[in-house]
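Just structure_11.txt here, compact mmCIF, C-alpha atoms:
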# COMPACT_ATOMS: atom_id res chain seq x y z
CA MET A 996 75.55 -2.96 229.23
CA GLU A 997 75.81 -4.96 232.45
CA GLN A 998 77.39 -2.01 234.25
CA GLU A 999 74.70 0.34 232.92
CA THR A 1000 71.97 -2.00 234.15
CA ASN A 1001 73.53 -2.22 237.61
CA VAL A 1002 73.64 1.59 237.86
CA TYR A 1003 69.97 1.77 236.91
CA ASP A 1004 69.06 -0.90 239.47
CA GLU A 1005 70.89 1.08 242.16
CA PHE A 1006 68.94 4.18 241.11
CA LYS A 1007 65.65 2.28 241.37
CA ASP A 1008 66.58 1.15 244.86
CA PHE A 1009 67.34 4.75 245.82
CA VAL A 1010 63.98 5.98 244.50
CA ASN A 1011 62.11 3.17 246.24
CA GLU A 1012 63.92 3.87 249.50
CA HIS A 1013 63.00 7.57 249.38
CA LYS A 1014 59.44 6.84 248.15
CA ILE A 1015 59.38 9.46 245.37
CA SER A 1016 55.75 9.35 244.27
CA ARG A 1017 53.28 11.39 242.29
CA ARG A 1018 52.19 13.13 245.49
CA SER A 1019 55.76 14.01 246.52
CA PHE A 1020 56.50 15.26 243.01
CA ILE A 1021 53.50 17.62 243.18
CA LYS A 1022 54.68 18.86 246.57
CA MET A 1023 58.16 19.56 245.24
CA ALA A 1024 56.82 21.32 242.14
CA GLY A 1025 55.14 24.09 244.15
CA GLY A 1026 51.99 26.05 243.31
CA GLY A 1027 50.43 26.43 239.91
CA ILE A 1028 48.58 24.29 237.40
CA LEU A 1029 50.04 20.83 236.97
CA LEU A 1030 48.59 18.83 234.12
CA PHE A 1031 49.30 15.13 233.69
CA PHE A 1032 49.19 13.10 230.50
CA THR A 1033 49.15 9.33 231.06
CA PHE A 1034 51.26 9.84 234.16
CA ARG A 1035 53.81 7.14 234.89
CA ASN A 1036 56.47 7.01 237.55
CA VAL A 1037 59.02 8.64 235.27
CA LEU A 1038 61.90 8.01 237.65
CA LEU A 1039 61.33 4.27 237.78
CA HIS A 1040 60.05 3.43 234.32
CA GLY A 1041 60.04 6.36 231.90
CA GLN A 1042 63.76 7.04 231.95
CA GLN A 1043 64.69 3.42 231.25
CA ASP A 1044 62.08 3.07 228.50
CA ARG A 1045 63.16 6.25 226.72
CA ARG A 1046 66.82 5.38 227.07
CA ASP A 1047 66.16 2.16 225.17
CA GLN A 1048 63.64 3.48 222.66
CA HIS A 1049 64.80 7.12 222.31
CA GLU A 1050 61.23 8.29 222.96
CA MET A 1051 60.12 11.60 224.41
CA PRO A 1052 57.99 11.60 227.58
CA THR A 1053 54.24 11.96 227.21
CA ASP A 1054 53.83 13.51 230.65
CA PHE A 1055 52.79 17.12 230.37
CA ASN A 1056 54.56 18.17 233.55
CA ALA A 1057 57.82 16.87 232.11
CA TYR A 1058 57.81 19.79 229.69
CA LEU A 1059 56.31 22.80 231.41
CA LYS A 1060 54.66 24.36 234.43
CA ILE A 1061 52.29 27.30 234.61
CA GLY A 1062 52.96 29.29 237.77
CA ILE A 1063 50.52 31.20 239.93
CA ASP A 1064 51.94 34.39 238.41
CA GLY A 1065 50.94 33.18 234.93
CA ARG A 1066 54.52 32.62 233.80
CA VAL A 1067 55.27 29.45 231.85
CA THR A 1068 58.40 27.49 232.71
CA CYS A 1069 59.71 25.24 229.96
CA TYR A 1070 61.82 22.23 230.95
CA THR A 1071 64.15 20.67 228.40
CA GLY A 1072 67.19 18.45 228.51
CA LYS A 1073 68.51 20.34 225.49
CA ILE A 1074 71.22 22.91 226.15
CA GLU A 1075 72.08 26.25 224.61
CA MET A 1076 75.40 26.06 222.74
CA GLY A 1077 75.05 29.22 220.66
CA GLN A 1078 72.53 27.75 218.24
CA GLY A 1079 69.71 29.86 219.71
CA VAL A 1080 67.38 27.14 221.03
CA ILE A 1081 66.92 29.01 224.31
CA THR A 1082 64.85 31.41 222.21
CA SER A 1083 63.43 29.23 219.43
CA LEU A 1084 62.10 26.51 221.76
CA ALA A 1085 60.48 29.19 223.91
CA GLN A 1086 58.84 30.56 220.75
CA MET A 1087 57.40 27.12 219.95
CA LEU A 1088 55.89 26.77 223.40
CA ALA A 1089 54.62 30.35 223.51
CA GLU A 1090 52.94 29.81 220.14
CA GLU A 1091 51.05 26.69 221.14
CA ILE A 1092 50.04 27.77 224.63
CA ASP A 1093 49.14 31.33 223.56
CA VAL A 1094 51.38 33.46 225.75
CA ALA A 1095 53.92 36.17 224.98
CA LEU A 1096 57.49 35.03 224.43
CA GLU A 1097 58.66 37.14 227.38
CA SER A 1098 56.34 35.11 229.66
CA VAL A 1099 58.33 31.91 229.07
CA ASP A 1100 61.24 30.94 231.32
CA MET A 1101 63.63 28.29 230.05
CA VAL A 1102 65.15 25.63 232.34
CA MET A 1103 67.70 23.72 230.29
CA GLY A 1104 69.84 20.70 231.12
CA ASN A 1105 68.82 20.50 234.79
CA THR A 1106 68.83 16.75 235.42
CA ASP A 1107 66.65 17.12 238.54
CA LEU A 1108 63.83 18.87 236.68
CA CYS A 1109 64.09 18.31 232.94
CA PRO A 1110 62.92 15.30 230.93
CA TRP A 1111 65.49 12.71 229.86
CA ASP A 1112 67.32 13.64 226.71
CA MET A 1113 69.89 11.68 224.71
CA GLY A 1114 71.95 14.82 224.12
CA THR A 1115 72.21 18.07 222.18
CA PHE A 1116 73.71 17.10 218.82
CA GLY A 1117 72.87 16.31 215.22
CA SER A 1118 70.55 19.31 214.71
CA MET A 1119 67.75 17.43 216.50
CA SER A 1120 66.67 20.07 219.06
CA THR A 1121 64.25 21.81 216.71
CA PRO A 1122 62.81 18.99 214.52
CA VAL A 1123 62.70 16.29 217.22
CA PHE A 1124 62.34 17.86 220.64
CA GLY A 1125 60.66 20.96 219.24
CA THR A 1126 57.93 18.83 217.69
CA GLU A 1127 57.20 17.12 221.01
CA LEU A 1128 57.27 20.44 222.85
CA ARG A 1129 54.70 21.88 220.48
CA LYS A 1130 52.47 18.85 221.03
CA ALA A 1131 52.74 19.33 224.79
CA GLY A 1132 51.89 23.00 224.42
CA ALA A 1133 48.86 22.17 222.28
CA LYS A 1134 47.63 19.72 224.89
CA ALA A 1135 48.17 22.29 227.62
CA ARG A 1136 46.17 24.86 225.67
CA LYS A 1137 43.31 22.39 225.32
CA VAL A 1138 43.31 21.66 229.06
CA LEU A 1139 43.43 25.35 229.91
CA LEU A 1140 40.44 26.03 227.65
CA GLU A 1141 38.54 23.26 229.43
CA LEU A 1142 39.45 24.73 232.81
CA GLY A 1143 38.38 28.17 231.57
CA ALA A 1144 35.08 26.78 230.36
CA GLU A 1145 34.42 25.33 233.81
CA TYR A 1146 35.40 28.59 235.49
CA LEU A 1147 33.34 30.86 233.20
CA LYS A 1148 30.50 28.32 232.83
CA LEU A 1149 30.64 28.61 229.06
CA PRO A 1150 31.15 26.12 226.22
CA VAL A 1151 34.74 25.76 225.07
CA GLU A 1152 33.80 26.80 221.53
CA ASN A 1153 32.73 30.20 222.89
CA LEU A 1154 36.20 30.93 224.24
CA VAL A 1155 39.39 32.41 222.83
CA ILE A 1156 42.85 32.81 224.37
CA VAL A 1157 44.88 35.98 223.99
CA ASN A 1158 48.26 36.27 225.72
CA GLY A 1159 47.44 33.90 228.57
CA VAL A 1160 43.91 35.19 229.16
CA ILE A 1161 40.77 33.23 228.24
CA PHE A 1162 37.91 35.42 226.96
CA ASN A 1163 34.28 34.94 226.03
CA LYS A 1164 34.26 35.71 222.31
CA LYS A 1165 30.94 37.55 222.61
CA ASN A 1166 31.65 39.39 225.85
CA LYS A 1167 35.30 40.30 226.48
CA SER A 1168 34.50 41.35 230.05
CA GLU A 1169 34.02 37.66 230.87
CA LYS A 1170 37.58 36.42 231.18
CA VAL A 1171 40.03 34.47 233.33
CA SER A 1172 43.81 34.37 233.18
CA TYR A 1173 46.02 31.32 233.47
CA ALA A 1174 47.23 32.71 236.81
CA GLU A 1175 43.66 33.06 238.12
CA LEU A 1176 42.89 29.48 237.15
CA GLY A 1177 45.74 28.36 239.38
CA LYS A 1178 44.80 30.38 242.48
CA GLY A 1179 47.81 28.93 244.23
CA GLU A 1180 46.29 25.46 244.15
CA LYS A 1181 47.63 22.34 242.48
CA ILE A 1182 45.25 21.19 239.77
CA GLU A 1183 45.50 17.81 238.06
CA LYS A 1184 43.71 17.36 234.77
CA SER A 1185 44.20 15.31 231.63
CA PRO A 1186 43.10 16.51 228.18
CA THR A 1187 40.02 15.04 226.55
CA GLY A 1188 40.64 13.91 222.98
CA GLU A 1189 43.47 14.92 220.69
CA ALA A 1190 45.03 18.37 220.51
CA GLU A 1191 46.39 19.53 217.17
CA THR A 1192 49.32 21.88 216.86
CA LYS A 1193 48.74 25.14 215.03
CA LYS A 1194 49.01 25.43 211.25
CA PRO A 1195 51.59 27.86 209.79
CA SER A 1196 48.75 30.19 208.77
CA GLU A 1197 47.86 30.53 212.48
CA PHE A 1198 51.36 31.41 213.68
CA SER A 1199 51.91 34.68 215.52
CA VAL A 1200 55.13 33.91 217.45
CA ILE A 1201 57.02 31.19 215.60
CA ASN A 1202 56.98 33.16 212.36
CA LYS A 1203 58.56 36.27 213.88
CA SER A 1204 62.18 37.20 214.44
CA PHE A 1205 63.11 38.00 218.05
CA LYS A 1206 66.33 39.06 219.70
CA ARG A 1207 67.90 36.10 221.46
CA THR A 1208 66.72 36.04 225.04
CA ASP A 1209 70.25 35.40 226.33
CA ALA A 1210 71.90 38.08 224.16
CA PHE A 1211 72.13 40.80 226.82
CA GLU A 1212 73.82 38.55 229.38
CA LYS A 1213 76.33 37.32 226.81
CA VAL A 1214 77.35 40.64 225.32
CA THR A 1215 77.65 42.29 228.75
CA GLY A 1216 79.62 39.43 230.29
CA LYS A 1217 76.91 38.66 232.87
CA ALA A 1218 76.38 35.15 231.49
CA LYS A 1219 78.12 32.42 233.46
CA TYR A 1220 80.04 29.79 231.53
CA THR A 1221 81.60 26.62 232.89
CA ALA A 1222 84.97 28.34 233.12
CA ASP A 1223 83.40 31.08 235.26
CA ILE A 1224 82.24 28.70 237.98
CA GLN A 1225 84.45 28.79 241.06
CA LEU A 1226 83.64 26.60 244.07
CA PRO A 1227 85.37 26.77 247.46
CA GLY A 1228 88.66 24.87 247.32
CA MET A 1229 88.25 24.05 243.63
CA VAL A 1230 91.40 23.27 241.63
CA TYR A 1231 92.15 22.45 238.01
CA ALA A 1232 94.02 19.30 237.01
CA LYS A 1233 96.42 18.80 234.15
CA ILE A 1234 97.36 15.19 233.38
CA LEU A 1235 100.77 13.97 232.26
CA ARG A 1236 100.21 12.11 228.98
CA PRO A 1237 102.57 9.52 227.46
CA PRO A 1238 104.07 10.40 224.05
CA ALA A 1239 102.76 7.22 222.42
CA LEU A 1240 100.34 4.36 222.93
CA ASN A 1241 101.66 1.81 225.47
CA ALA A 1242 104.70 3.99 226.31
CA LYS A 1243 106.01 3.19 229.80
CA LEU A 1244 107.24 5.86 232.20
CA LEU A 1245 110.80 5.00 233.24
CA GLU A 1246 111.91 8.15 235.04
CA VAL A 1247 110.18 11.31 236.27
CA ASP A 1248 111.58 14.45 237.90
CA LEU A 1249 108.93 16.56 239.66
CA SER A 1250 111.29 18.89 241.49
CA GLU A 1251 110.85 21.96 239.25
CA ALA A 1252 107.07 21.66 239.21
CA GLU A 1253 106.96 21.27 243.00
CA LYS A 1254 108.73 24.61 243.45
CA ILE A 1255 105.79 26.53 241.99
CA ASP A 1256 103.68 28.10 244.72
CA GLY A 1257 100.29 26.50 245.26
CA VAL A 1258 100.91 23.48 243.04
CA GLN A 1259 99.83 20.02 244.20
CA ILE A 1260 101.14 16.94 242.44
CA ILE A 1261 99.48 13.53 242.50
CA ASN A 1262 101.65 10.55 241.57
CA ASP A 1263 99.67 7.33 241.75
CA SER A 1264 101.69 4.47 240.24
CA GLY A 1265 102.78 6.58 237.29
CA LEU A 1266 99.49 8.42 236.84
CA ILE A 1267 100.62 11.99 237.42
CA ALA A 1268 98.35 15.01 237.76
CA VAL A 1269 99.27 18.63 238.50
CA LEU A 1270 96.67 20.62 240.45
CA HIS A 1271 96.34 24.37 240.97
CA LYS A 1272 93.51 26.85 241.47
CA TYR A 1273 94.45 28.49 238.15
CA PRO A 1274 94.46 26.27 235.02
CA ASP A 1275 97.28 28.19 233.29
CA ILE A 1276 99.60 27.72 236.28
CA ALA A 1277 98.74 24.02 236.39
CA GLU A 1278 99.63 23.82 232.69
CA PHE A 1279 102.89 25.67 233.26
CA ALA A 1280 103.83 23.37 236.15
CA LEU A 1281 103.09 20.35 233.97
CA SER A 1282 105.57 21.63 231.39
CA LYS A 1283 108.29 21.66 234.07
CA ILE A 1284 108.05 17.92 234.68
CA LYS A 1285 111.00 16.01 233.19
CA THR A 1286 110.29 12.49 231.98
CA LYS A 1287 111.87 9.54 230.26
CA TYR A 1288 109.69 6.99 228.50
CA ASP A 1289 110.29 3.63 226.96
CA SER A 1290 108.36 4.35 223.78
CA PRO A 1291 107.57 1.21 221.80
CA GLU A 1292 107.57 1.28 218.05
CA ILE A 1293 104.08 1.97 216.75
CA LYS A 1294 103.07 -0.75 214.30
CA VAL A 1295 100.41 -0.24 211.67
CA ASP A 1296 98.61 -3.38 210.48

Structure rendered as structure tokens:
Amino acid sequence: MEQETNVYDEFKDFVNEHKISRRSFIKMAGGGILLFFTFRNVLLHGQQDRRDQHEMPTDFNAYLKIGIDGRVTCYTGKIEMGQGVITSLAQMLAEEIDVALESVDMVMGNTDLCPWDMGTFGSMSTPVFGTELRKAGAKARKVLLELGAEYLKLPVENLVIVNGVIFNKKNKSEKVSYAELGKGEKIEKSPTGEAETKKPSEFSVINKSFKRTDAFEKVTGKAKYTADIQLPGMVYAKILRPPALNAKLLEVDLSEAEKIDGVQIINDSGLIAVLHKYPDIAEFALSKIKTKYDSPEIKVD
């Protein structure tokens, strides 16, 4: 805990030094409609609070951004591991904010942009994060209706939203899109009152089955996995492991492994690692290392 606190204190010092503020955040976020809900300095306070209390952020901009092209970008610390949340979470947001599913872009697991998240595990993405995302979408919809009412000079109750466009119920020629409301400017606005999420009887996106939005990339091989990432000069490491707990390395012969072209061997006081640009060659070189251990008897209490 002490080490964790020190790391956080160092991070606070970094943020203070670079003066990351609400204004600088808006500048970095680019054009579009930015809506703030009880805005706090998330970097300095929100992350620490949520780490301790496992709470989701209440800041609207932590979850999504509406661009000047009308597209909605959803930010989540959750990651796609084959369970389909890249599609289902987008459905939840599209439902509440009244846009088509294909208008939602997912940004997942980007620690520079996405809200803090304790991890993707335990089947919590849909019931826990999904619930908060729907609330954020409902609040966004309420704000957008209020902005539309100001733009069209009509009461909110006279308006309806269809696929990202706000219409006058009585005169469909009177309308304004989410993109038009942005006009390339940064707009700050907080919702007035509570915003309720939609009832199941009102669903038009959540209750439908869609093809997974990442399916094409995966079945065609265009999707990039961790193993596909190659950086300049990158190598893979294979570590020499002892055969038993507390076993001591007495002798080691690296000569056969060192003969393999391109192999680098690190020997730091008995901690031995084999490096190569291809993981299978690193594994093969590791198998060529000859060792002798003083293996103590393992006692079971």

Tell me, as a PyMOL selection string, which residues lie within 12 Å of Leu1235 (chain A), counting only C-alpha atoms; anything in the same chain fewer than 3 positions away does not count. chain A and resi 1232+1238+1244+1247+1249+1260-1263+1265-1270+1277-1286+1288

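Take CA of Val1138 (chain A) and CA of Gly1114 (chain A): the distance between them is 29.9 Å.
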
Name the residues in contact with region 1127-1132 of chain A at a cut-off of 9 Å, using only C-alpha atoms, excluding same-chain residues fewer than 4 positions from it; report them as a ChimeraX atom specification. /A:1051-1055,1058-1059,1069,1071,1084,1087-1093,1122-1123,1136-1137,1190-1193

Rounded to one decimal place, report the CA of Asp1064 (chain A)-CA of Leu1176 (chain A) distance in Å.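 These atoms are spaced 10.4 Å apart.
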
Write out as a PyMOL selection string which residues come within 7 Å of Gln1086 (chain A) when counting all atoms listed in the file, dropping same-chain ones fewer than 5 positions away. chain A and resi 1096+1200-1201

Output file for the selection above: C-alpha atoms, as a JSON list (two decimals), in the coordinates of the input:
[["chain", "number", "residue", "atom", "x", "y", "z"],
["A", 1096, "LEU", "CA", 57.49, 35.03, 224.43],
["A", 1200, "VAL", "CA", 55.13, 33.91, 217.45],
["A", 1201, "ILE", "CA", 57.02, 31.19, 215.60]]
